[in-house]
>>> print(open('work-v7.txt').read())   # compact mmCIF, C-alpha atoms
# COMPACT_ATOMS: atom_id res chain seq x y z
CA MET A 278 -31.47 60.72 -18.09
CA ASN A 279 -33.25 57.57 -19.17
CA PHE A 280 -32.56 55.33 -22.15
CA LEU A 281 -35.17 56.96 -24.40
CA GLU A 282 -34.07 60.50 -23.56
CA GLN A 283 -30.50 59.51 -24.31
CA LYS A 284 -31.56 57.93 -27.61
CA ILE A 285 -33.44 61.10 -28.60
CA LEU A 286 -30.35 63.21 -27.95
CA GLU A 287 -28.06 60.80 -29.79
CA SER A 288 -30.24 59.88 -32.74
CA GLY A 289 -33.08 62.38 -32.99
CA ALA A 290 -32.84 65.40 -35.25
CA ILE A 291 -34.50 68.79 -34.87
CA LYS A 292 -36.14 69.89 -38.08
CA SER A 293 -36.37 73.52 -39.21
CA ASP A 294 -39.98 73.73 -38.00
CA GLY A 295 -38.98 72.60 -34.50
CA THR A 296 -40.42 69.10 -34.76
CA ILE A 297 -38.19 66.26 -33.67
CA LYS A 298 -37.46 63.54 -36.16
CA VAL A 299 -37.17 60.16 -34.47
CA ASP A 300 -38.11 57.97 -37.40
CA ASN A 301 -34.74 56.25 -37.32
CA PHE A 302 -35.67 54.43 -34.12
CA LEU A 303 -39.32 54.98 -33.25
CA ASN A 304 -41.77 55.34 -36.09
CA HIS A 305 -40.40 54.24 -39.44
CA GLN A 306 -37.37 52.23 -38.50
CA ILE A 307 -37.92 50.70 -35.06
CA ASP A 308 -35.04 49.99 -32.71
CA ILE A 309 -36.43 46.99 -30.92
CA ASP A 310 -34.32 47.55 -27.79
CA VAL A 311 -35.67 51.06 -27.41
CA MET A 312 -39.22 49.82 -27.94
CA ARG A 313 -38.70 47.05 -25.39
CA TYR A 314 -37.34 49.55 -22.86
CA ILE A 315 -40.32 51.88 -23.34
CA ALA A 316 -42.78 49.03 -22.85
CA ILE A 317 -41.03 47.69 -19.74
CA GLU A 318 -40.89 51.15 -18.19
CA LEU A 319 -44.56 51.87 -18.97
CA LYS A 320 -45.60 48.57 -17.44
CA ARG A 321 -43.56 49.33 -14.34
CA ARG A 322 -45.20 52.73 -13.93
CA PHE A 323 -48.75 51.37 -14.22
CA GLY A 324 -47.85 48.81 -11.60
CA LYS A 325 -50.56 46.36 -10.71
CA LYS A 326 -53.38 48.29 -12.38
CA PRO A 327 -55.53 45.89 -14.43
CA VAL A 328 -55.28 45.94 -18.22
CA THR A 329 -57.53 43.81 -20.43
CA LYS A 330 -56.96 45.65 -23.73
CA ILE A 331 -54.14 47.69 -25.20
CA LEU A 332 -55.78 50.32 -27.41
CA THR A 333 -53.81 52.31 -29.96
CA ILE A 334 -54.22 53.87 -33.38
CA GLU A 335 -52.68 52.86 -36.68
CA ALA A 336 -49.94 52.96 -37.72
CA SER A 337 -47.17 54.20 -35.49
CA GLY A 338 -48.70 53.08 -32.18
CA ILE A 339 -48.89 49.43 -33.17
CA ALA A 340 -45.28 48.42 -32.43
CA LEU A 341 -45.36 49.73 -28.86
CA ALA A 342 -48.83 48.29 -28.30
CA THR A 343 -47.65 44.87 -29.52
CA MET A 344 -44.64 44.97 -27.22
CA LEU A 345 -46.85 45.87 -24.25
CA ALA A 346 -49.33 43.16 -25.20
CA THR A 347 -46.61 40.51 -24.88
CA MET A 348 -45.99 41.75 -21.34
CA TYR A 349 -49.64 42.03 -20.25
CA ASP A 350 -50.74 38.99 -22.27
CA ALA A 351 -53.67 41.09 -23.38
CA PRO A 352 -54.99 41.72 -26.90
CA VAL A 353 -54.06 44.80 -28.89
CA VAL A 354 -56.85 46.71 -30.57
CA TYR A 355 -55.74 49.30 -33.04
CA ALA A 356 -58.21 51.91 -34.16
CA LYS A 357 -58.31 52.59 -37.85
CA LYS A 358 -58.44 56.05 -39.27
CA GLY A 359 -59.65 57.67 -42.44
CA GLN A 360 -62.50 56.91 -44.73
CA ILE A 361 -65.18 54.46 -43.55
CA TYR A 362 -66.12 52.19 -46.43
CA ASN A 363 -68.87 49.98 -45.09
CA GLY A 364 -71.20 51.76 -42.69
CA VAL A 365 -70.85 52.87 -39.09
CA GLU A 366 -73.51 50.75 -37.37
CA ASP A 367 -70.97 48.17 -36.21
CA LYS A 368 -68.30 50.70 -35.18
CA TYR A 369 -67.48 53.15 -32.44
CA VAL A 370 -66.44 56.32 -34.24
CA SER A 371 -64.60 59.37 -32.96
CA HIS A 372 -62.57 62.11 -34.62
CA ALA A 373 -59.05 63.49 -34.41
CA PHE A 374 -57.50 66.43 -36.20
CA SER A 375 -54.46 65.49 -38.24
CA ALA A 376 -51.97 68.35 -38.30
CA LYS A 377 -50.00 66.68 -41.09
CA GLN A 378 -52.96 66.20 -43.39
CA CYS A 379 -54.66 69.32 -42.03
CA HIS A 380 -58.10 67.79 -41.72
CA MET A 381 -60.33 65.90 -39.30
CA ASN A 382 -59.88 62.13 -39.49
CA ASN A 383 -62.39 59.51 -38.51
CA VAL A 384 -61.03 57.15 -35.86
CA PHE A 385 -62.96 53.92 -35.45
CA VAL A 386 -63.01 50.52 -33.80
CA SER A 387 -65.34 47.61 -34.56
CA LYS A 388 -67.78 47.30 -31.67
CA PRO A 389 -67.01 43.71 -30.61
CA TYR A 390 -63.38 44.56 -29.81
CA ILE A 391 -63.97 46.95 -26.91
CA ASN A 392 -66.48 45.97 -24.28
CA GLU A 393 -68.09 47.11 -21.10
CA GLY A 394 -65.83 45.94 -18.32
CA ASP A 395 -62.64 46.28 -20.35
CA LYS A 396 -59.77 48.01 -18.57
CA VAL A 397 -58.10 49.88 -21.38
CA LEU A 398 -54.51 51.04 -21.58
CA VAL A 399 -54.32 53.71 -24.29
CA VAL A 400 -50.94 53.72 -26.01
CA ASP A 401 -49.28 55.87 -28.65
CA ASP A 402 -45.81 56.84 -29.80
CA PHE A 403 -46.39 60.60 -29.46
CA LEU A 404 -48.55 62.84 -27.31
CA ALA A 405 -48.81 66.43 -28.57
CA GLU A 406 -52.24 68.04 -28.59
CA GLY A 407 -53.76 64.77 -27.45
CA GLN A 408 -56.17 64.45 -30.37
CA ALA A 409 -55.51 60.76 -30.98
CA CYS A 410 -55.56 59.79 -27.28
CA LEU A 411 -58.78 61.73 -26.68
CA ALA A 412 -60.41 59.96 -29.63
CA LEU A 413 -59.31 56.57 -28.27
CA ILE A 414 -60.62 57.43 -24.79
CA ASP A 415 -63.91 58.57 -26.34
CA ILE A 416 -64.20 55.22 -28.14
CA ALA A 417 -63.47 53.26 -24.97
CA HIS A 418 -66.07 55.27 -23.10
CA GLN A 419 -68.67 54.73 -25.84
CA ALA A 420 -68.11 51.00 -25.26
CA GLY A 421 -68.59 51.39 -21.52
CA ALA A 422 -64.97 50.46 -20.80
CA THR A 423 -62.78 52.17 -18.23
CA ILE A 424 -59.38 53.74 -18.83
CA THR A 425 -56.49 52.29 -16.85
CA GLY A 426 -54.15 54.97 -18.13
CA VAL A 427 -52.44 56.55 -21.10
CA GLY A 428 -48.90 55.47 -21.93
CA VAL A 429 -46.79 57.18 -24.56
CA ALA A 430 -43.19 57.16 -25.63
CA ILE A 431 -42.61 60.87 -26.22
CA GLU A 432 -44.71 63.73 -24.94
CA LYS A 433 -44.31 67.24 -26.30
CA GLY A 434 -44.47 68.95 -22.92
CA TYR A 435 -44.80 72.36 -24.54
CA MET A 436 -48.15 71.38 -26.07
CA ASP A 437 -51.28 70.93 -24.01
CA GLY A 438 -52.32 67.31 -24.69
CA GLY A 439 -50.72 65.92 -21.52
CA GLU A 440 -52.23 68.69 -19.38
CA LYS A 441 -55.71 68.13 -20.82
CA LEU A 442 -55.53 64.40 -20.09
CA ARG A 443 -54.08 64.80 -16.59
CA ASN A 444 -56.63 67.49 -15.72
CA ALA A 445 -59.35 65.08 -16.79
CA GLY A 446 -58.03 62.68 -14.14
CA PHE A 447 -56.17 60.13 -16.26
CA GLN A 448 -52.82 58.65 -15.25
CA VAL A 449 -50.58 59.70 -18.13
CA GLU A 450 -47.10 58.21 -18.33
CA SER A 451 -44.63 59.49 -20.92
CA ILE A 452 -41.14 58.05 -21.01
CA ALA A 453 -39.62 61.24 -22.41
CA ILE A 454 -41.27 64.64 -21.94
CA ILE A 455 -39.73 67.29 -24.13
CA GLU A 456 -39.74 70.61 -22.33
CA SER A 457 -38.18 72.75 -25.02
CA VAL A 458 -36.46 72.61 -28.36
CA ASP A 459 -33.88 75.15 -29.44
CA ILE A 460 -33.66 75.03 -33.22
CA GLU A 461 -30.63 77.28 -33.47
CA LYS A 462 -28.55 75.41 -30.91
CA GLN A 463 -30.06 72.04 -31.92
CA ALA A 464 -30.70 71.49 -28.21
CA ILE A 465 -33.48 69.54 -26.51
CA THR A 466 -34.32 69.71 -22.82
CA PHE A 467 -36.48 67.20 -20.99
CA LYS A 468 -38.88 67.70 -18.14
CA GLN A 469 -37.96 65.50 -15.22
CA ARG A 470 -40.62 63.46 -13.43
CA THR A 471 -41.55 64.79 -10.03
CA MET B 33 -53.75 21.44 -38.58
CA ASN B 34 -51.63 24.13 -36.98
CA PHE B 35 -52.60 26.75 -34.41
CA LEU B 36 -53.29 29.50 -36.97
CA GLU B 37 -55.37 27.23 -39.23
CA GLN B 38 -57.38 26.18 -36.21
CA LYS B 39 -57.86 29.80 -35.16
CA ILE B 40 -59.07 30.72 -38.66
CA LEU B 41 -61.65 27.92 -38.56
CA GLU B 42 -62.78 28.83 -35.06
CA SER B 43 -62.77 32.61 -35.25
CA GLY B 44 -62.59 33.65 -38.89
CA ALA B 45 -65.73 34.48 -40.84
CA ILE B 46 -66.37 34.15 -44.55
CA LYS B 47 -67.91 37.27 -45.99
CA SER B 48 -70.42 37.28 -48.83
CA ASP B 49 -67.68 38.24 -51.32
CA GLY B 50 -65.58 35.21 -50.28
CA THR B 51 -62.97 37.18 -48.35
CA ILE B 52 -62.09 35.89 -44.91
CA LYS B 53 -62.54 38.22 -42.00
CA VAL B 54 -59.86 37.66 -39.38
CA ASP B 55 -59.86 41.10 -37.82
CA ASN B 56 -60.88 39.69 -34.46
CA PHE B 57 -57.42 38.16 -33.98
CA LEU B 58 -55.05 39.31 -36.72
CA ASN B 59 -55.49 42.80 -38.10
CA HIS B 60 -57.71 45.00 -35.96
CA GLN B 61 -57.84 43.16 -32.69
CA ILE B 62 -54.63 41.17 -32.26
CA ASP B 63 -54.54 37.94 -30.28
CA ILE B 64 -51.01 38.12 -28.97
CA ASP B 65 -50.69 34.34 -28.56
CA VAL B 66 -51.59 33.80 -32.21
CA MET B 67 -49.14 36.49 -33.28
CA ARG B 68 -46.41 34.96 -31.11
CA TYR B 69 -47.06 31.53 -32.61
CA ILE B 70 -46.86 32.87 -36.18
CA ALA B 71 -43.57 34.62 -35.45
CA ILE B 72 -42.01 31.57 -33.74
CA GLU B 73 -43.05 29.31 -36.59
CA LEU B 74 -41.76 31.70 -39.26
CA LYS B 75 -38.43 31.99 -37.46
CA ARG B 76 -38.19 28.22 -37.26
CA ARG B 77 -38.83 27.84 -40.98
CA PHE B 78 -36.18 30.37 -42.00
CA GLY B 79 -33.76 28.54 -39.75
CA LYS B 80 -30.29 29.98 -39.55
CA LYS B 81 -30.65 32.29 -42.55
CA PRO B 82 -29.32 35.75 -41.66
CA VAL B 83 -31.76 38.60 -41.06
CA THR B 84 -30.59 42.17 -40.43
CA LYS B 85 -33.89 43.96 -41.11
CA ILE B 86 -37.55 43.02 -40.85
CA LEU B 87 -39.33 44.93 -43.63
CA THR B 88 -43.09 45.34 -43.68
CA ILE B 89 -45.73 47.84 -44.71
CA GLU B 90 -48.07 49.89 -42.56
CA ALA B 91 -50.37 49.21 -40.85
CA SER B 92 -51.35 45.57 -40.49
CA GLY B 93 -47.84 44.10 -40.97
CA ILE B 94 -46.35 46.00 -38.04
CA ALA B 95 -47.47 43.74 -35.19
CA LEU B 96 -46.02 40.58 -36.75
CA ALA B 97 -42.85 42.42 -37.74
CA THR B 98 -42.42 43.70 -34.19
CA MET B 99 -42.87 40.22 -32.77
CA LEU B 100 -40.29 38.82 -35.19
CA ALA B 101 -37.92 41.67 -34.40
CA THR B 102 -37.89 40.68 -30.73
CA MET B 103 -36.80 37.19 -31.81
CA TYR B 104 -34.16 38.24 -34.34
CA ASP B 105 -33.07 41.29 -32.31
CA ALA B 106 -33.14 43.18 -35.59
CA PRO B 107 -34.82 46.49 -36.41
CA VAL B 108 -38.21 46.71 -38.04
CA VAL B 109 -38.61 49.02 -40.99
CA TYR B 110 -42.16 49.66 -42.05
CA ALA B 111 -42.78 51.14 -45.45
CA LYS B 112 -45.29 53.95 -45.56
CA LYS B 113 -47.94 54.18 -48.19
CA GLY B 114 -49.99 56.90 -49.76
CA GLN B 115 -49.28 60.49 -50.56
CA ILE B 116 -45.66 61.69 -50.41
CA TYR B 117 -45.56 65.12 -48.78
CA ASN B 118 -41.93 66.17 -48.84
CA GLY B 119 -40.10 65.02 -51.95
CA VAL B 120 -38.78 61.66 -53.09
CA GLU B 121 -35.01 62.32 -53.22
CA ASP B 122 -34.43 60.75 -49.81
CA LYS B 123 -36.77 57.79 -50.36
CA TYR B 124 -36.97 54.48 -52.18
CA VAL B 125 -40.36 54.46 -53.85
CA SER B 126 -42.35 51.60 -55.33
CA HIS B 127 -46.04 51.05 -56.05
CA ALA B 128 -48.74 48.58 -55.09
CA PHE B 129 -52.31 48.35 -56.25
CA SER B 130 -54.81 48.57 -53.41
CA ALA B 131 -57.88 46.47 -54.18
CA LYS B 132 -59.79 48.08 -51.31
CA GLN B 133 -59.17 51.65 -52.42
CA CYS B 134 -59.04 50.61 -56.06
CA HIS B 135 -55.99 52.65 -56.96
CA MET B 136 -52.20 52.47 -57.09
CA ASN B 137 -50.54 53.44 -53.83
CA ASN B 138 -47.04 54.76 -53.38
CA VAL B 139 -44.99 52.58 -51.06
CA PHE B 140 -41.85 54.21 -49.70
CA VAL B 141 -38.97 53.87 -47.26
CA SER B 142 -36.47 56.55 -46.24
CA LYS B 143 -33.14 55.68 -47.82
CA PRO B 144 -31.02 55.42 -44.66
CA TYR B 145 -33.13 52.58 -43.28
CA ILE B 146 -32.36 49.93 -45.90
CA ASN B 147 -28.77 49.48 -46.98
CA GLU B 148 -26.55 47.52 -49.25
CA GLY B 149 -25.58 44.42 -47.34
CA ASP B 150 -28.87 44.19 -45.44
CA LYS B 151 -30.45 40.74 -45.33
CA VAL B 152 -34.11 41.53 -45.45
CA LEU B 153 -36.99 39.42 -44.20
CA VAL B 154 -40.16 40.71 -45.86
CA VAL B 155 -43.19 40.24 -43.62
CA ASP B 156 -46.91 40.84 -43.97
CA ASP B 157 -50.18 39.60 -42.52
CA PHE B 158 -51.69 38.60 -45.89
CA LEU B 159 -50.34 37.43 -49.23
CA ALA B 160 -52.89 37.58 -52.05
CA GLU B 161 -51.74 39.02 -55.37
CA GLY B 162 -48.38 39.84 -53.85
CA GLN B 163 -48.53 43.55 -54.65
CA ALA B 164 -47.29 44.70 -51.25
CA CYS B 165 -44.53 42.07 -51.01
CA LEU B 166 -43.32 42.80 -54.54
CA ALA B 167 -43.15 46.52 -53.73
CA LEU B 168 -41.14 45.79 -50.56
CA ILE B 169 -38.77 43.51 -52.48
CA ASP B 170 -38.37 46.19 -55.14
CA ILE B 171 -37.46 48.73 -52.43
CA ALA B 172 -34.93 46.35 -50.84
CA HIS B 173 -33.37 45.74 -54.24
CA GLN B 174 -33.18 49.47 -55.00
CA ALA B 175 -31.13 49.74 -51.80
CA GLY B 176 -28.82 46.92 -52.88
CA ALA B 177 -30.04 44.65 -50.09
CA THR B 178 -30.72 40.94 -50.47
CA ILE B 179 -33.94 39.13 -49.60
CA THR B 180 -33.67 36.40 -46.99
CA GLY B 181 -37.27 35.41 -47.57
CA VAL B 182 -40.90 36.37 -47.40
CA GLY B 183 -42.91 35.41 -44.31
CA VAL B 184 -46.65 35.87 -44.07
CA ALA B 185 -49.41 34.78 -41.74
CA ILE B 186 -52.12 33.89 -44.26
CA GLU B 187 -51.67 33.22 -47.96
CA LYS B 188 -54.63 33.10 -50.31
CA GLY B 189 -53.45 30.06 -52.20
CA TYR B 190 -56.08 30.56 -54.90
CA MET B 191 -54.48 33.86 -55.91
CA ASP B 192 -51.15 34.08 -57.68
CA GLY B 193 -48.98 36.16 -55.34
CA GLY B 194 -47.27 33.20 -53.73
CA GLU B 195 -46.60 31.54 -57.08
CA LYS B 196 -45.11 34.72 -58.52
CA LEU B 197 -42.76 35.08 -55.57
CA ARG B 198 -41.74 31.40 -55.47
CA ASN B 199 -41.18 31.35 -59.24
CA ALA B 200 -38.91 34.35 -58.81
CA GLY B 201 -36.81 32.21 -56.47
CA PHE B 202 -37.77 33.57 -53.09
CA GLN B 203 -38.35 31.38 -50.04
CA VAL B 204 -41.95 32.14 -49.15
CA GLU B 205 -43.33 30.83 -45.87
CA SER B 206 -47.02 31.18 -45.08
CA ILE B 207 -48.34 29.75 -41.84
CA ALA B 208 -51.80 29.14 -43.28
CA ILE B 209 -52.40 28.71 -47.00
CA ILE B 210 -56.06 28.88 -47.89
CA GLU B 211 -56.78 26.54 -50.76
CA SER B 212 -60.47 27.21 -51.17
CA VAL B 213 -63.40 28.97 -49.59
CA ASP B 214 -66.95 27.71 -49.90
CA ILE B 215 -69.26 30.63 -49.20
CA GLU B 216 -72.43 28.54 -49.11
CA LYS B 217 -71.10 25.91 -46.73
CA GLN B 218 -68.98 28.48 -44.84
CA ALA B 219 -66.09 26.05 -45.27
CA ILE B 220 -62.38 26.74 -45.63
CA THR B 221 -59.78 24.24 -46.75
CA PHE B 222 -56.06 24.64 -46.30
CA LYS B 223 -53.21 23.58 -48.49
CA GLN B 224 -50.81 21.37 -46.58
CA ARG B 225 -47.04 21.98 -46.76
CA THR B 226 -45.17 19.46 -48.83
>>> encode(input="work-v7.txt", output="structure tokens")
Amino acid sequence: MNFLEQKILESGAIKSDGTIKVDNFLNHQIDIDVMRYIAIELKRRFGKKPVTKILTIEASGIALATMLATMYDAPVVYAKKGQIYNGVEDKYVSHAFSAKQCHMNNVFVSKPYINEGDKVLVVDDFLAEGQACLALIDIAHQAGATITGVGVAIEKGYMDGGEKLRNAGFQVESIAIIESVDIEKQAITFKQRT
Amino acid sequence: MNFLEQKILESGAIKSDGTIKVDNFLNHQIDIDVMRYIAIELKRRFGKKPVTKILTIEASGIALATMLATMYDAPVVYAKKGQIYNGVEDKYVSHAFSAKQCHMNNVFVSKPYINEGDKVLVVDDFLAEGQACLALIDIAHQAGATITGVGVAIEKGYMDGGEKLRNAGFQVESIAIIESVDIEKQAITFKQRT
């Protein structure tokens, strides 16, 4: 069991709807040692693959992206989401369904910040249905960039986002893959890497 | 002239409404060397003052807060803003006016993440009217925490946020303080530290 899996078991909580609450160390309060570990381990797994941009989405992906950026010495670009106030001509725009807000969100990046030739590492805290990652990949592709891989902290292995991305040929690395959640027993099992 | 001031002159753009666009290195694309410099310089200025939490607000404060957290080895807490979906009993709530959206936003932090006894460094990318910083300070005070100081990347010295905070007795450190912006000449002057 790795450091993140251990942290999830120790500090995560299973809510009545089966979602796992990790906002005491990952996405509201941030345990900087956990974040550092995740970034180091992601970098190790992508090995010598080139990365010229770390691409994530506001807000909860930014901390991990920043940590990775210090290791790759590459810029972070974080996509914005929501209403577009001042025209779309200068932006790459994609869309992602927000389960929390129950509607489609715009996801956008100003055109100068992703370019043809960029080798993009897509990063997020969670991978569930893959909506956010697919939108980020779409944006990178609109810019003519290539995808080095997708790195996330926690993947919900019982949802199909990871499968969709892997089937599309992307290297997806998730530091903890949750296989199942038992609400009654408050038990979480992880899928081990093969 | 310091590294950030130089970067603003080289890479910032003055928009027709007099605001300065720095989203190519600070708050959309993030130049990790600039961010690292800002964090190192803020840490130097706060010297040996104790910091147990880095408190910021989503989304654009998170990168700087994360960088500072690696230096202080302290957790980041980022306040969320906007609609509150699941009750306020477990949250500290304050309010900040958003000039962009032209309405009052809720700003909130889950209660367990700021505590009595915490020494809080409030961090943000911009300080203008001080709405966000004042909301974060209010939240820290609701929790019984004390404020170590307020650290920001860019202060708009021609707006009154910095004055309000300094008059209230807080140590405010801004790495670049913009004194004036000349739209016609596309010129920016900085206020020097005394």
>>> residues_near_point(input="work-v7.txt", point="(-57.0, 42.8, -35.9)", cutoff="8 Å", atoms="all atoms listed in the file", output="PyMOL selection string")
(chain A and resi 353-355) or (chain B and resi 54-63+92)
>>> atom_distance(input="work-v7.txt", atom1="CA of Phe374 in chain A", atom2="CA of Glu406 in chain A")
9.4 Å
>>> closest_residue(input="work-v7.txt", among="A:Asn363, A:Thr423, A:Thr466, A:Thr296", to="chain B", atoms="all atoms listed in the file")
A:Asn363
>>> closest_atom_pairs(input="work-v7.txt", of="chain B", to="chain A", cutoff="12 Å", atoms="all atoms listed in the file", output="JSON lines")
{"residue": "B:Asp55", "atom": "CA", "partner": "A:Ser387", "partner_atom": "CA", "distance": 9.1}
{"residue": "B:Asn56", "atom": "CA", "partner": "A:Tyr390", "partner_atom": "CA", "distance": 7.2}
{"residue": "B:Phe57", "atom": "CA", "partner": "A:Pro352", "partner_atom": "CA", "distance": 8.3}
{"residue": "B:Leu58", "atom": "CA", "partner": "A:Val353", "partner_atom": "CA", "distance": 9.6}
{"residue": "B:Asn59", "atom": "CA", "partner": "A:Tyr355", "partner_atom": "CA", "distance": 8.2}
{"residue": "B:His60", "atom": "CA", "partner": "A:Tyr355", "partner_atom": "CA", "distance": 5.6}
{"residue": "B:Gln61", "atom": "CA", "partner": "A:Val354", "partner_atom": "CA", "distance": 4.3}
{"residue": "B:Ile62", "atom": "CA", "partner": "A:Val353", "partner_atom": "CA", "distance": 5.0}
{"residue": "B:Asp63", "atom": "CA", "partner": "A:Pro352", "partner_atom": "CA", "distance": 5.1}
{"residue": "B:Ile64", "atom": "CA", "partner": "A:Pro352", "partner_atom": "CA", "distance": 5.8}
{"residue": "B:Asp65", "atom": "CA", "partner": "A:Asp350", "partner_atom": "CA", "distance": 7.8}
{"residue": "B:Val66", "atom": "CA", "partner": "A:Pro352", "partner_atom": "CA", "distance": 10.1}
{"residue": "B:Met67", "atom": "CA", "partner": "A:Thr343", "partner_atom": "CA", "distance": 9.3}
{"residue": "B:Arg68", "atom": "CA", "partner": "A:Thr347", "partner_atom": "CA", "distance": 8.3}
{"residue": "B:Tyr69", "atom": "CA", "partner": "A:Thr347", "partner_atom": "CA", "distance": 11.9}
{"residue": "B:Thr84", "atom": "CA", "partner": "A:Asp308", "partner_atom": "CA", "distance": 11.9}
{"residue": "B:Lys85", "atom": "CA", "partner": "A:Gln306", "partner_atom": "CA", "distance": 9.3}
{"residue": "B:Ile86", "atom": "CA", "partner": "A:Gln306", "partner_atom": "CA", "distance": 9.5}
{"residue": "B:Leu87", "atom": "CA", "partner": "A:Gln306", "partner_atom": "CA", "distance": 9.1}
{"residue": "B:Thr88", "atom": "CA", "partner": "A:His305", "partner_atom": "CA", "distance": 10.2}
{"residue": "B:Ile89", "atom": "CA", "partner": "A:Ala336", "partner_atom": "CA", "distance": 9.6}
{"residue": "B:Glu90", "atom": "CA", "partner": "A:Ala336", "partner_atom": "CA", "distance": 6.0}
{"residue": "B:Ala91", "atom": "CA", "partner": "A:Ala336", "partner_atom": "CA", "distance": 4.9}
{"residue": "B:Ser92", "atom": "CA", "partner": "A:Ala336", "partner_atom": "CA", "distance": 8.0}
{"residue": "B:Gly93", "atom": "CA", "partner": "A:Ile339", "partner_atom": "CA", "distance": 9.5}
{"residue": "B:Ile94", "atom": "CA", "partner": "A:Ala340", "partner_atom": "CA", "distance": 6.2}
{"residue": "B:Ala95", "atom": "CA", "partner": "A:Thr343", "partner_atom": "CA", "distance": 5.8}
{"residue": "B:Leu96", "atom": "CA", "partner": "A:Thr343", "partner_atom": "CA", "distance": 8.6}
{"residue": "B:Ala97", "atom": "CA", "partner": "A:Ala340", "partner_atom": "CA", "distance": 8.4}
{"residue": "B:Thr98", "atom": "CA", "partner": "A:Ala340", "partner_atom": "CA", "distance": 5.8}
{"residue": "B:Met99", "atom": "CA", "partner": "A:Thr343", "partner_atom": "CA", "distance": 7.4}
{"residue": "B:Leu100", "atom": "CA", "partner": "A:Ile309", "partner_atom": "CA", "distance": 10.0}
{"residue": "B:Ala101", "atom": "CA", "partner": "A:Ile309", "partner_atom": "CA", "distance": 6.5}
{"residue": "B:Thr102", "atom": "CA", "partner": "A:Ile309", "partner_atom": "CA", "distance": 6.5}
{"residue": "B:Met103", "atom": "CA", "partner": "A:Ile309", "partner_atom": "CA", "distance": 9.8}
{"residue": "B:Tyr104", "atom": "CA", "partner": "A:Ile309", "partner_atom": "CA", "distance": 9.7}
{"residue": "B:Asp105", "atom": "CA", "partner": "A:Ile309", "partner_atom": "CA", "distance": 6.8}
{"residue": "B:Ala106", "atom": "CA", "partner": "A:Ile309", "partner_atom": "CA", "distance": 6.9}
{"residue": "B:Pro107", "atom": "CA", "partner": "A:Asp308", "partner_atom": "CA", "distance": 5.1}
{"residue": "B:Val108", "atom": "CA", "partner": "A:Ile307", "partner_atom": "CA", "distance": 5.0}
{"residue": "B:Val109", "atom": "CA", "partner": "A:Gln306", "partner_atom": "CA", "distance": 4.2}
{"residue": "B:Tyr110", "atom": "CA", "partner": "A:His305", "partner_atom": "CA", "distance": 5.6}
{"residue": "B:Ala111", "atom": "CA", "partner": "A:His305", "partner_atom": "CA", "distance": 7.2}
{"residue": "B:Lys112", "atom": "CA", "partner": "A:His305", "partner_atom": "CA", "distance": 7.8}
{"residue": "B:Lys113", "atom": "CA", "partner": "A:Ala336", "partner_atom": "CA", "distance": 10.7}
{"residue": "B:Gly114", "atom": "CA", "partner": "A:Gln378", "partner_atom": "CA", "distance": 11.7}
{"residue": "B:Gln115", "atom": "CA", "partner": "A:Gln378", "partner_atom": "CA", "distance": 9.9}
{"residue": "B:Ile116", "atom": "CA", "partner": "A:Gln378", "partner_atom": "CA", "distance": 11.1}
{"residue": "B:Tyr117", "atom": "CA", "partner": "A:Lys377", "partner_atom": "CA", "distance": 9.0}
{"residue": "B:Asn118", "atom": "CA", "partner": "A:Lys377", "partner_atom": "CA", "distance": 11.2}
{"residue": "B:Lys132", "atom": "CA", "partner": "A:Tyr362", "partner_atom": "CA", "distance": 9.0}
{"residue": "B:Gln133", "atom": "CA", "partner": "A:Tyr362", "partner_atom": "CA", "distance": 9.2}
{"residue": "B:Phe140", "atom": "CA", "partner": "A:His305", "partner_atom": "CA", "distance": 10.4}
{"residue": "B:Val141", "atom": "CA", "partner": "A:His305", "partner_atom": "CA", "distance": 8.0}
{"residue": "B:Ser142", "atom": "CA", "partner": "A:His305", "partner_atom": "CA", "distance": 8.2}
{"residue": "B:Lys143", "atom": "CA", "partner": "A:Asn301", "partner_atom": "CA", "distance": 10.6}
{"residue": "B:Pro144", "atom": "CA", "partner": "A:Asn301", "partner_atom": "CA", "distance": 8.3}
{"residue": "B:Tyr145", "atom": "CA", "partner": "A:Gln306", "partner_atom": "CA", "distance": 6.4}
{"residue": "B:Ile146", "atom": "CA", "partner": "A:Gln306", "partner_atom": "CA", "distance": 9.2}
>>> atom_distance(input="work-v7.txt", atom1="CA of Lys47 in chain B", atom2="CA of Arg225 in chain B")
25.9 Å
>>> residues_around(input="work-v7.txt", residues="Leu159 in chain B", least_positions_apart="5", cutoff="7 Å", atoms="all atoms listed in the file", output="mmCIF file with C-alpha atoms, in the frame of the given file")
data_model
loop_
_atom_site.group_PDB
_atom_site.id
_atom_site.type_symbol
_atom_site.label_atom_id
_atom_site.label_comp_id
_atom_site.auth_asym_id
_atom_site.auth_seq_id
_atom_site.Cartn_x
_atom_site.Cartn_y
_atom_site.Cartn_z
ATOM 1 C CA VAL B 184 -46.650 35.870 -44.070
ATOM 2 C CA ILE B 186 -52.120 33.890 -44.260
ATOM 3 C CA GLU B 187 -51.670 33.220 -47.960
ATOM 4 C CA LYS B 188 -54.630 33.100 -50.310
ATOM 5 C CA GLY B 193 -48.980 36.160 -55.340
ATOM 6 C CA GLY B 194 -47.270 33.200 -53.730
#
>>> closest_residue(input="work-v7.txt", among="A:Ser371, A:Lys462, A:Ile424, A:Phe323", to="Ala412 in chain A", atoms="all atoms listed in the file")
A:Ser371
>>> atom_distance(input="work-v7.txt", atom1="CA of Leu411 in chain A", atom2="CA of Pro327 in chain A")
20.3 Å
>>> residues_around(input="work-v7.txt", residues="range 147-149 of chain B", least_positions_apart="4", cutoff="7 Å", atoms="all atoms listed in the file", output="mmCIF file with C-alpha atoms, in the frame of the given file")
data_model
loop_
_atom_site.group_PDB
_atom_site.id
_atom_site.type_symbol
_atom_site.label_atom_id
_atom_site.label_comp_id
_atom_site.auth_asym_id
_atom_site.auth_seq_id
_atom_site.Cartn_x
_atom_site.Cartn_y
_atom_site.Cartn_z
ATOM 1 C CA ALA B 175 -31.130 49.740 -51.800
ATOM 2 C CA GLY B 176 -28.820 46.920 -52.880
ATOM 3 C CA ALA B 177 -30.040 44.650 -50.090
ATOM 4 C CA THR B 178 -30.720 40.940 -50.470
#
